[in-house]
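Below is data_29.txt, which holds compact mmCIF, C-alpha atoms and all ligand atoms.
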```txt
# COMPACT_ATOMS: atom_id res chain seq x y z
CA MET O 1 27.39 26.45 -14.11
CA THR O 2 26.84 25.46 -10.47
CA THR O 3 29.76 23.62 -8.83
CA HIS O 4 29.06 20.48 -6.81
CA SER O 5 29.85 22.21 -3.50
CA GLU O 6 27.56 25.13 -4.43
CA LEU O 7 24.79 22.67 -5.21
CA LEU O 8 25.27 20.90 -1.86
CA SER O 9 24.97 24.28 -0.09
CA ARG O 10 21.80 25.01 -2.07
CA CYS O 11 20.39 21.59 -1.06
CA GLN O 12 21.17 22.36 2.62
CA ALA O 13 19.50 25.76 2.34
CA ALA O 14 16.47 24.23 0.60
CA LEU O 15 16.04 21.73 3.45
CA ASP O 16 16.40 24.57 6.00
CA PHE O 17 13.60 26.36 4.15
CA ALA O 18 11.53 23.14 3.99
CA ALA O 19 11.92 22.72 7.78
CA GLN O 20 10.66 26.26 8.32
CA GLN O 21 7.64 25.79 6.03
CA VAL O 22 6.66 22.38 7.42
CA ARG O 23 6.99 23.59 11.02
CA ARG O 24 4.74 26.55 10.26
CA LEU O 25 2.18 24.29 8.54
CA VAL O 26 2.01 21.91 11.53
CA GLU O 27 1.89 24.68 14.13
CA THR O 28 -0.75 26.67 12.23
CA ASN O 29 -2.96 23.70 11.26
CA PRO O 30 -2.39 20.85 13.74
CA ASP O 31 -3.58 17.38 12.60
CA PHE O 32 -4.46 18.70 9.16
CA PHE O 33 -3.45 16.71 6.07
CA PRO O 34 -3.05 19.07 3.14
CA MET O 35 -3.00 17.90 -0.46
CA TYR O 36 -2.41 21.00 -2.61
CA THR O 37 -2.33 24.73 -2.07
CA GLN O 38 -4.73 27.27 -3.51
CA GLY O 39 -2.97 30.55 -4.22
CA GLY O 40 -0.08 29.21 -2.14
CA ARG O 41 -2.24 28.44 0.94
CA TRP O 42 -2.74 24.93 2.29
CA LYS O 43 -6.13 25.27 3.98
CA HIS O 44 -9.08 25.59 1.61
CA GLY O 45 -12.21 23.64 0.75
CA GLY O 46 -11.00 22.23 -2.58
CA GLU O 47 -11.96 18.72 -3.71
CA ALA O 48 -9.52 15.86 -2.95
CA TRP O 49 -10.64 13.35 -5.66
CA THR O 50 -9.06 10.55 -3.59
CA ASN O 51 -7.24 10.18 -0.26
CA TRP O 52 -3.64 9.38 -0.97
CA CYS O 53 -1.47 12.11 0.55
CA GLU O 54 -1.74 11.53 4.29
CA GLY O 55 1.71 9.90 4.64
CA PHE O 56 3.68 12.70 3.02
CA LEU O 57 3.61 15.08 5.98
CA GLY O 58 4.83 12.51 8.51
CA GLY O 59 7.45 11.42 5.97
CA GLN O 60 8.76 14.96 5.62
CA LEU O 61 8.86 15.32 9.40
CA TRP O 62 11.10 12.24 9.68
CA LEU O 63 13.46 13.46 6.95
CA LEU O 64 13.59 16.95 8.42
CA HIS O 65 14.32 15.49 11.84
CA ARG O 66 17.34 13.83 10.25
CA HIS O 67 18.38 17.16 8.69
CA THR O 68 17.82 19.45 11.67
CA GLY O 69 18.45 17.09 14.59
CA ASP O 70 15.60 18.97 16.30
CA ALA O 71 13.52 16.73 18.61
CA TRP O 72 10.38 18.72 17.73
CA PHE O 73 10.37 17.05 14.30
CA GLN O 74 10.61 13.57 15.82
CA THR O 75 7.77 14.23 18.26
CA GLN O 76 5.58 15.49 15.44
CA ALA O 77 6.59 12.65 13.11
CA GLU O 78 5.53 10.09 15.73
CA HIS O 79 2.24 11.93 16.23
CA TYR O 80 1.50 12.01 12.49
CA CYS O 81 2.38 8.30 12.28
CA HIS O 82 -0.31 7.54 14.85
CA LEU O 83 -2.81 9.65 12.92
CA VAL O 84 -2.40 7.41 9.83
CA GLU O 85 -2.01 4.01 11.53
CA GLU O 86 -5.63 2.97 10.91
CA ARG O 87 -4.99 3.24 7.17
CA LYS O 88 -3.07 -0.07 7.32
CA THR O 89 -6.43 -1.78 6.73
CA ASP O 90 -7.83 0.73 4.24
CA ARG O 91 -9.21 -1.17 1.24
CA ALA O 92 -10.62 1.91 -0.51
CA VAL O 93 -7.41 3.22 -2.09
CA HIS O 94 -4.34 1.83 -3.85
CA ASP O 95 -1.99 4.19 -2.00
CA LEU O 96 -0.97 2.37 1.18
CA GLY O 97 2.69 2.55 0.17
CA PHE O 98 2.43 6.33 -0.04
CA THR O 99 0.65 6.40 3.31
CA LEU O 100 2.50 3.91 5.52
CA TRP O 101 6.02 3.76 4.06
CA PRO O 102 7.21 7.37 4.59
CA THR O 103 5.75 7.26 8.10
CA TRP O 104 5.88 3.84 9.78
CA LYS O 105 8.72 2.32 7.74
CA ARG O 106 10.93 5.30 8.56
CA TRP O 107 9.94 4.97 12.23
CA TYR O 108 10.73 1.25 12.16
CA ASP O 109 14.11 1.94 10.54
CA LEU O 110 14.92 4.31 13.40
CA THR O 111 13.84 2.03 16.25
CA GLY O 112 13.93 -1.55 14.93
CA GLU O 113 10.78 -2.24 16.96
CA PRO O 114 8.78 -5.20 15.55
CA ALA O 115 5.43 -3.55 16.37
CA LYS O 116 6.27 -0.73 13.97
CA ASN O 117 7.29 -3.19 11.28
CA ALA O 118 3.97 -5.01 11.79
CA VAL O 119 2.10 -1.87 10.69
CA VAL O 120 4.07 -1.75 7.43
CA ILE O 121 3.59 -5.48 6.82
CA GLN O 122 -0.14 -5.27 7.43
CA ALA O 123 -0.40 -2.38 4.95
CA GLY O 124 1.37 -4.55 2.34
CA GLN O 125 -1.02 -7.43 3.05
CA THR O 126 -4.02 -5.12 2.70
CA MET O 127 -2.68 -3.83 -0.63
CA GLY O 128 -2.41 -7.44 -1.82
CA LEU O 129 -6.19 -7.81 -1.43
CA ARG O 130 -6.63 -5.50 -4.43
CA PHE O 131 -5.28 -8.16 -6.80
CA LYS O 132 -7.54 -9.26 -9.68
CA GLU O 133 -6.61 -12.79 -10.73
CA LYS O 134 -8.32 -12.21 -14.06
CA GLY O 135 -6.06 -9.60 -15.63
CA ARG O 136 -3.35 -10.06 -12.96
CA TYR O 137 -3.16 -6.53 -11.59
CA LEU O 138 -3.88 -4.56 -8.44
CA ARG O 139 -7.04 -2.57 -9.13
CA SER O 140 -7.03 1.20 -8.81
CA PHE O 141 -9.31 3.08 -6.43
CA VAL O 142 -11.58 3.91 -9.39
CA ALA O 143 -13.01 0.46 -10.26
CA ASP O 144 -12.29 -3.26 -10.65
CA ASP O 145 -11.46 -2.85 -14.35
CA SER O 146 -8.86 -0.14 -13.80
CA LEU O 147 -5.08 -0.41 -13.44
CA PHE O 148 -3.09 2.78 -12.69
CA ILE O 149 0.61 3.36 -13.37
CA ASP O 150 0.67 5.12 -9.94
CA ILE O 151 0.33 1.71 -8.27
CA MET O 152 3.92 0.96 -9.29
CA MET O 153 4.88 3.27 -6.40
CA ASN O 154 2.76 1.27 -3.94
CA VAL O 155 3.62 -2.27 -4.97
CA GLY O 156 6.93 -2.01 -3.10
CA ILE O 157 5.15 -2.36 0.24
CA ILE O 158 3.73 -5.71 -0.97
CA PHE O 159 7.21 -6.92 -1.98
CA TYR O 160 8.38 -5.82 1.46
CA ALA O 161 5.56 -7.66 3.28
CA ALA O 162 6.30 -10.77 1.20
CA GLN O 163 10.00 -10.57 2.04
CA GLN O 164 9.36 -10.07 5.77
CA THR O 165 6.80 -12.87 6.09
CA GLY O 166 8.04 -15.32 3.44
CA ASP O 167 4.57 -15.23 1.86
CA ALA O 168 4.99 -16.64 -1.67
CA THR O 169 1.47 -15.56 -2.70
CA LEU O 170 2.19 -11.94 -1.91
CA LEU O 171 5.44 -12.15 -3.87
CA ARG O 172 3.57 -13.61 -6.86
CA ILE O 173 0.90 -10.90 -6.70
CA ALA O 174 3.45 -8.08 -6.60
CA THR O 175 5.52 -9.61 -9.41
CA GLU O 176 2.52 -10.26 -11.65
CA HIS O 177 1.23 -6.72 -11.09
CA CYS O 178 4.57 -5.34 -12.28
CA LEU O 179 4.64 -7.63 -15.32
CA THR O 180 1.09 -6.61 -16.28
CA SER O 181 1.90 -2.91 -15.85
CA ARG O 182 5.05 -3.39 -17.94
CA ARG O 183 3.15 -5.15 -20.71
CA PHE O 184 0.10 -2.90 -20.99
CA LEU O 185 1.08 0.51 -19.59
CA VAL O 186 4.68 0.91 -20.82
CA ARG O 187 4.99 1.56 -24.54
CA GLY O 188 7.77 0.61 -26.94
CA ASP O 189 9.37 4.07 -26.75
CA GLY O 190 9.51 3.95 -22.94
CA SER O 191 6.53 6.31 -22.46
CA THR O 192 3.69 5.26 -20.17
CA SER O 193 -0.07 5.31 -20.09
CA HIS O 194 -1.81 6.48 -16.92
CA GLU O 195 -4.48 3.78 -16.87
CA GLY O 196 -5.27 0.40 -18.42
CA LEU O 197 -8.86 -0.88 -18.68
CA PHE O 198 -9.67 -4.60 -18.57
CA ASN O 199 -12.64 -6.88 -19.11
CA THR O 200 -13.28 -8.09 -15.56
CA GLU O 201 -15.03 -11.26 -16.77
CA THR O 202 -12.18 -12.51 -18.95
CA GLY O 203 -9.16 -10.45 -17.84
CA GLU O 204 -8.67 -9.25 -21.42
CA PHE O 205 -6.86 -5.95 -21.77
CA ILE O 206 -9.10 -3.45 -23.58
CA ARG O 207 -7.32 -0.11 -23.93
CA GLN O 208 -5.15 2.62 -22.44
CA SER O 209 -6.80 5.60 -20.80
CA THR O 210 -5.97 8.64 -18.68
CA HIS O 211 -7.39 10.83 -15.93
CA GLN O 212 -4.64 13.38 -15.41
CA GLY O 213 -2.87 13.38 -18.76
CA TRP O 214 -3.82 15.15 -21.99
CA ARG O 215 -5.11 12.17 -24.00
CA ASP O 216 -5.44 8.42 -23.65
CA ASP O 217 -2.45 7.87 -25.97
CA SER O 218 -0.31 10.68 -24.56
CA SER O 219 2.44 10.79 -21.94
CA TRP O 220 1.46 12.17 -18.52
CA ALA O 221 4.69 13.26 -16.90
CA ARG O 222 3.98 12.27 -13.30
CA GLY O 223 2.88 8.80 -14.33
CA GLN O 224 6.18 8.46 -16.16
CA THR O 225 8.05 9.27 -12.96
CA TRP O 226 5.95 6.86 -10.88
CA ALA O 227 7.04 4.22 -13.40
CA LEU O 228 10.74 5.05 -13.52
CA TYR O 229 10.91 5.04 -9.71
CA GLY O 230 8.57 2.08 -9.15
CA PHE O 231 10.11 -0.33 -11.67
CA GLY O 232 13.49 0.43 -10.07
CA THR O 233 12.02 -0.63 -6.72
CA ALA O 234 10.59 -3.80 -8.29
CA TYR O 235 14.05 -4.64 -9.60
CA ARG O 236 15.60 -4.04 -6.18
CA TYR O 237 13.26 -6.61 -4.59
CA THR O 238 13.30 -9.24 -7.31
CA GLY O 239 16.58 -8.89 -9.20
CA ASP O 240 14.46 -9.40 -12.33
CA VAL O 241 16.35 -7.53 -15.03
CA ARG O 242 13.14 -6.93 -17.01
CA PHE O 243 12.11 -4.44 -14.34
CA LEU O 244 15.49 -2.67 -14.46
CA ASN O 245 15.26 -2.43 -18.26
CA THR O 246 11.77 -0.96 -17.97
CA ALA O 247 12.84 1.57 -15.35
CA GLU O 248 15.73 2.61 -17.59
CA ALA O 249 13.48 2.93 -20.66
CA CYS O 250 11.12 5.16 -18.65
CA ALA O 251 14.06 7.25 -17.38
CA ASP O 252 15.50 7.60 -20.88
CA PHE O 253 12.14 8.79 -22.24
CA TYR O 254 11.94 11.40 -19.47
CA ILE O 255 15.43 12.68 -20.24
CA GLU O 256 14.89 12.72 -24.03
CA ARG O 257 11.61 14.62 -23.87
CA THR O 258 12.30 17.17 -21.11
CA PRO O 259 13.98 20.55 -21.67
CA PRO O 260 17.56 20.88 -20.37
CA HIS O 261 16.43 22.39 -17.04
CA GLY O 262 14.89 19.00 -16.17
CA VAL O 263 11.28 20.00 -15.40
CA PRO O 264 8.57 18.58 -17.71
CA PRO O 265 5.12 19.99 -18.47
CA ASN O 266 2.09 18.05 -17.18
CA ASP O 267 2.05 16.01 -20.40
CA TRP O 268 4.80 15.94 -23.02
CA ASP O 269 2.40 15.43 -25.92
CA GLU O 270 0.01 18.32 -25.25
CA PRO O 271 0.56 20.96 -27.95
CA ASN O 272 1.28 24.41 -26.46
CA PRO O 273 0.54 23.46 -22.83
CA THR O 274 -0.82 26.37 -20.82
CA LEU O 275 1.78 25.74 -18.11
CA PRO O 276 5.42 24.92 -18.81
CA TYR O 277 6.13 23.08 -15.55
CA GLU O 278 4.95 20.18 -13.40
CA SER O 279 7.56 20.41 -10.65
CA SER O 280 6.32 17.43 -8.62
CA ALA O 281 7.13 15.12 -11.54
CA ALA O 282 10.64 16.58 -11.58
CA ALA O 283 11.07 16.00 -7.83
CA ILE O 284 9.93 12.35 -8.15
CA ALA O 285 12.21 11.90 -11.18
CA ALA O 286 15.19 13.28 -9.25
CA SER O 287 14.64 10.86 -6.37
CA GLY O 288 13.92 7.90 -8.68
CA LEU O 289 17.00 8.64 -10.81
CA LEU O 290 19.19 8.73 -7.70
CA ASN O 291 17.90 5.20 -6.96
CA LEU O 292 18.50 4.07 -10.54
CA ALA O 293 22.04 5.46 -10.53
CA ARG O 294 22.75 2.96 -7.73
CA LEU O 295 20.74 0.09 -9.22
CA THR O 296 22.00 0.07 -12.80
CA GLY O 297 25.04 -2.01 -13.53
CA ASP O 298 26.11 0.33 -16.33
CA ALA O 299 28.64 3.01 -15.32
CA ALA O 300 27.67 5.44 -18.11
CA ARG O 301 23.99 5.21 -17.18
CA ALA O 302 24.80 5.61 -13.50
CA ARG O 303 26.62 8.85 -14.30
CA LEU O 304 23.84 10.05 -16.63
CA TYR O 305 21.10 9.41 -14.06
CA GLY O 306 23.05 10.85 -11.13
CA ASP O 307 24.05 13.98 -13.06
CA TYR O 308 20.52 14.46 -14.41
CA ALA O 309 19.05 14.20 -10.89
CA LEU O 310 21.45 16.92 -9.73
CA ARG O 311 20.49 19.05 -12.71
CA ILE O 312 16.83 18.80 -11.70
CA LEU O 313 17.69 19.80 -8.13
CA ASP O 314 19.83 22.67 -9.43
CA THR O 315 16.69 23.98 -11.16
CA LEU O 316 14.25 23.25 -8.33
CA THR O 317 16.42 25.07 -5.77
CA THR O 318 16.21 28.36 -7.73
CA PRO O 319 13.66 30.95 -6.52
CA GLU O 320 11.55 30.28 -9.62
CA PHE O 321 10.60 26.96 -7.96
CA LEU O 322 11.63 27.20 -4.30
CA ALA O 323 9.13 29.54 -2.66
CA VAL O 324 11.85 31.22 -0.65
CA ASP O 325 11.29 34.63 -2.24
CA THR O 326 7.49 34.40 -2.55
CA PRO O 327 5.97 36.17 0.47
CA GLY O 328 2.92 34.44 1.92
CA TRP O 329 3.44 31.20 -0.06
CA GLU O 330 3.00 28.34 2.44
CA GLY O 331 4.48 25.50 0.39
CA ILE O 332 8.09 24.66 -0.40
CA LEU O 333 8.05 23.98 -4.14
CA LYS O 334 5.98 26.03 -6.60
CA HIS O 335 4.69 25.05 -10.07
CA GLY O 336 3.29 21.62 -9.25
CA SER O 337 -0.03 20.37 -10.61
CA TYR O 338 -2.43 17.77 -9.28
CA HIS O 339 -5.32 17.39 -11.72
CA GLU O 340 -5.43 19.85 -14.62
CA ARG O 341 -8.64 18.46 -16.14
CA LYS O 342 -10.52 18.90 -12.88
CA GLY O 343 -8.74 22.20 -12.16
CA LEU O 344 -7.42 20.91 -8.82
CA GLY O 345 -4.11 22.20 -7.50
CA VAL O 346 -2.86 23.62 -10.80
CA ASP O 347 0.41 25.60 -10.63
CA GLU O 348 0.54 25.18 -6.86
CA SER O 349 2.52 23.37 -4.17
CA VAL O 350 1.44 19.72 -3.91
CA MET O 351 2.12 17.48 -0.94
CA TRP O 352 3.86 14.65 -2.84
CA GLY O 353 6.02 17.19 -4.67
CA GLU O 354 7.15 18.51 -1.29
CA TYR O 355 7.84 14.97 0.00
CA PHE O 356 9.84 13.71 -2.97
CA PHE O 357 11.77 17.00 -3.19
CA VAL O 358 12.75 16.65 0.48
CA GLU O 359 13.54 12.95 -0.12
CA ALA O 360 15.79 13.72 -3.13
CA LEU O 361 17.62 16.48 -1.21
CA SER O 362 18.07 14.07 1.73
CA LYS O 363 19.63 11.49 -0.60
CA VAL O 364 22.06 14.02 -2.10
CA LEU O 365 23.12 15.07 1.39
CA GLY O 366 23.61 11.44 2.42
CA TYR O 367 20.84 11.25 5.05
CA VAL O 368 19.05 8.34 3.35
CA GLU O 369 19.90 5.92 0.56
CA GLN O 370 16.57 4.53 -0.53
CA GLY O 371 13.20 6.17 -0.64
CA MET O 372 9.81 4.53 -1.20
CA GLY O 373 9.43 0.78 -1.27
N1 LIG Q 1 -3.19 10.04 -8.38
C1 LIG Q 1 -1.86 10.24 -8.01
C2 LIG Q 1 -1.25 11.37 -8.73
O1 LIG Q 1 -1.90 12.39 -8.88
O2 LIG Q 1 -0.12 11.26 -9.13
```

Rewrite the structure from the file as structure tokens, please.
Amino acid sequence: MTTHSELLSRCQAALDFAAQQVRRLVETNPDFFPMYTQGGRWKHGGEAWTNWCEGFLGGQLWLLHRHTGDAWFQTQAEHYCHLVEERKTDRAVHDLGFTLWPTWKRWYDLTGEPAKNAVVIQAGQTMGLRFKEKGRYLRSFVADDSLFIDIMMNVGIIFYAAQQTGDATLLRIATEHCLTSRRFLVRGDGSTSHEGLFNTETGEFIRQSTHQGWRDDSSWARGQTWALYGFGTAYRYTGDVRFLNTAEACADFYIERTPPHGVPPNDWDEPNPTLPYESSAAAIAASGLLNLARLTGDAARARLYGDYALRILDTLTTPEFLAVDTPGWEGILKHGSYHERKGLGVDESVMWGEYFFVEALSKVLGYVEQGMG
């Protein structure tokens, strides 16, 4: 049984290791935006599927600057912010929260400069353009008829833009997207579907579907964590208790279905999964549960979520997951998976796993309170 002070030391050591790995990545491959490793190495010619990971490196640099106090991390974080600035008008993907929040919002928080805030606001406004009035959702990068649970992690930047500008239309869009996701992607037992498909002519919901899970009616673990984190963010902006209840239902499902070490497989419903772990889902869950522990008004739940987040980090800071004893491994966290069906980044380090692991560790050590959104 790890004591709290031992766990804090392990979190410190894990961030020291993260700083070393990220510094090596940036110095070895300047201006390169990795997505997943192959055999533990970041640079390879593997397919991306979509471009959604470019904010996670700059975001880690900001958090590691906070941890190390080393000016090198700030200089690099600013540089990597500039490299992604043009994405504030990108209409091709639904991931502008992932791209602009860890980078420009963290920079704005540090400086308070309105020009930096304007980048974040513009990204939120661009995200709002994805809204389909028929169906009332923000469309995924795949097609007009497609709603992804992942978008719950990117709707926060629209709430933020609405709050900063007083734009009631943006607030309505973000709220309606969350209500639609809650109605059609979150099931009665608190599990989630990856995708919902709609009739674009009428807005009628047709069916649930998946890209990265086992089956259309199954429970893809990372989607579950996008939901538990994202509905918590929606509650923080709106105070609408329906979103808090949904976040809690998603969190409870995660806790019920995951082994005691806190790391789920890629999909809970897949019989005899080939791999036991999807560590990036665990890292996102840890960070989202730390948010929920603050957001919930229920003391027992706050304790459950906070303790469970620490349990996940206890597991992820062991050498089975932390690559500290794996010579030549360039990532921080092993046993993540991107897209098992396509065979992309399976049992590897993945960039969002690295980011949310560093974010969760930074919260435990008191460097930051909130994360995305
Ligand atoms: N498409 C985002 C994810 O892999 O979670």

Point-to-point distance in Å for atom CA of O:Tyr235 and atom CA of O:Arg294: 11.7 Å

For the contact check between chain O and ligand LIG 1 (chain Q), emit one row per residue of chain O within 10 Å, containing the shortest atom pair and the distance in Å rounded to one decimal, counting all atoms listed in the file, chain then rising number order, as CSV.
```
residue,atom,partner,partner_atom,distance
O:Trp49,CA,Q:LIG1,N1,8.6
O:Thr50,CA,Q:LIG1,N1,7.6
O:Asn51,CA,Q:LIG1,N1,9.1
O:Trp52,CA,Q:LIG1,C1,7.3
O:Cys53,CA,Q:LIG1,C1,8.8
O:His94,CA,Q:LIG1,N1,9.4
O:Asp95,CA,Q:LIG1,C1,8.5
O:Phe98,CA,Q:LIG1,C1,9.9
O:Ser140,CA,Q:LIG1,N1,9.6
O:Phe141,CA,Q:LIG1,N1,9.5
O:Phe148,CA,Q:LIG1,N1,8.4
O:Ile149,CA,Q:LIG1,O2,9.0
O:Asp150,CA,Q:LIG1,C1,6.0
O:Ile151,CA,Q:LIG1,C1,8.8
O:Met153,CA,Q:LIG1,O2,9.8
O:His194,CA,Q:LIG1,O2,9.3
O:His211,CA,Q:LIG1,N1,8.7
O:Gln212,CA,Q:LIG1,O1,7.2
O:Gly213,CA,Q:LIG1,O1,10.0
O:Trp220,CA,Q:LIG1,O2,9.6
O:Ala221,CA,Q:LIG1,O2,9.4
O:Arg222,CA,Q:LIG1,O2,5.9
O:Gly223,CA,Q:LIG1,O2,6.5
O:Gln224,CA,Q:LIG1,O2,9.8
O:Thr225,CA,Q:LIG1,O2,9.2
O:Trp226,CA,Q:LIG1,O2,7.7
O:Ser280,CA,Q:LIG1,O2,8.9
O:Ala281,CA,Q:LIG1,O2,8.6
O:Ser337,CA,Q:LIG1,O1,8.4
O:Tyr338,CA,Q:LIG1,O1,5.4
O:His339,CA,Q:LIG1,O1,6.7
O:Val350,CA,Q:LIG1,O1,9.5
O:Trp352,CA,Q:LIG1,O2,8.2
O:Gly353,CA,Q:LIG1,O2,9.6
```

Pick from O:Asp325, O:Gln21, O:Glu195, O:Glu248, whichever lies nearest to O:Ala302 using only C-alpha atoms: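 That would be O:Glu248, the residue with the smallest distance to O:Ala302.
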
Closest of O:Ala282, O:Leu170, O:Ala251, O:Leu365 to O:Leu304 - atom-to-atom distances counting only C-alpha atoms: O:Ala251

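Going from atom CA of O:Arg106 over to atom CA of O:Ala249, you cover 29.4 Å.
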
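In this comparison, which uses all atoms listed in the file, the residue of O:Met372, O:Gln164, O:Arg182, O:Leu275 approaching O:Pro114 most closely is O:Gln164.
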
re atom CA of O:Asp307 and atom CA of O:Asn245: distance 19.3 Å

Please identify every residue of stretch 339-372 of chain O that has at least one atom no farther than 9 Å from an atom of stretch 62-76 of chain O, counting all atoms listed in the file, and for each give the shortest atom pair and the distance in Å to one decimal, arranged by chain then increasing number, as CSV.
```
residue,atom,partner,partner_atom,distance
O:Val358,CA,O:Leu63,CA,7.2
O:Glu359,CA,O:Leu63,CA,7.1
O:Ser362,CA,O:Leu63,CA,7.0
O:Leu365,CA,O:His67,CA,9.0
O:Tyr367,CA,O:Arg66,CA,6.8
O:Val368,CA,O:Leu63,CA,8.4
```

Can you write out as a tab-separated table which residues of stretch 235-348 of chain O fall within 12 Å of stretch 176-179 of chain O, alongside each residue's closest atom pair and its distance in Å to one decimal, counting all atoms listed in the file and ordering rows by chain and ascending residue number?
```
residue	atom	partner	partner_atom	distance
O:Tyr235	CA	O:Cys178	CA	9.9
O:Tyr237	CA	O:Cys178	CA	11.7
O:Thr238	CA	O:Cys178	CA	10.8
O:Asp240	CA	O:Leu179	CA	10.4
O:Val241	CA	O:Leu179	CA	11.7
O:Arg242	CA	O:Leu179	CA	8.7
O:Phe243	CA	O:Cys178	CA	7.9
O:Leu244	CA	O:Cys178	CA	11.5
O:Thr246	CA	O:Leu179	CA	10.1
O:Ala247	CA	O:Cys178	CA	11.2
```

Out of O:Lys334, O:Ser279, O:Leu361, O:Leu129, which residue has the shortest atom-to-atom distance to O:Glu348 when counting all atoms listed in the file? O:Lys334

Selection near O:Ser191, 7 Å with all atoms listed in the file, sequence-local residues under 6 positions removed, as a PyMOL selection string: chain O and resi 219+224+250+253

Taking all listed atoms of stretch 150-156 of chain O, build the axis-aligned box, pad each of the six sides by 3 Å, then write its centre and edge lengths in Å to one decimal as AutoDock Vina command-line options.
```
--center_x 3.6 --center_y 1.4 --center_z -6.5 --size_x 12.6 --size_y 13.4 --size_z 12.8
```
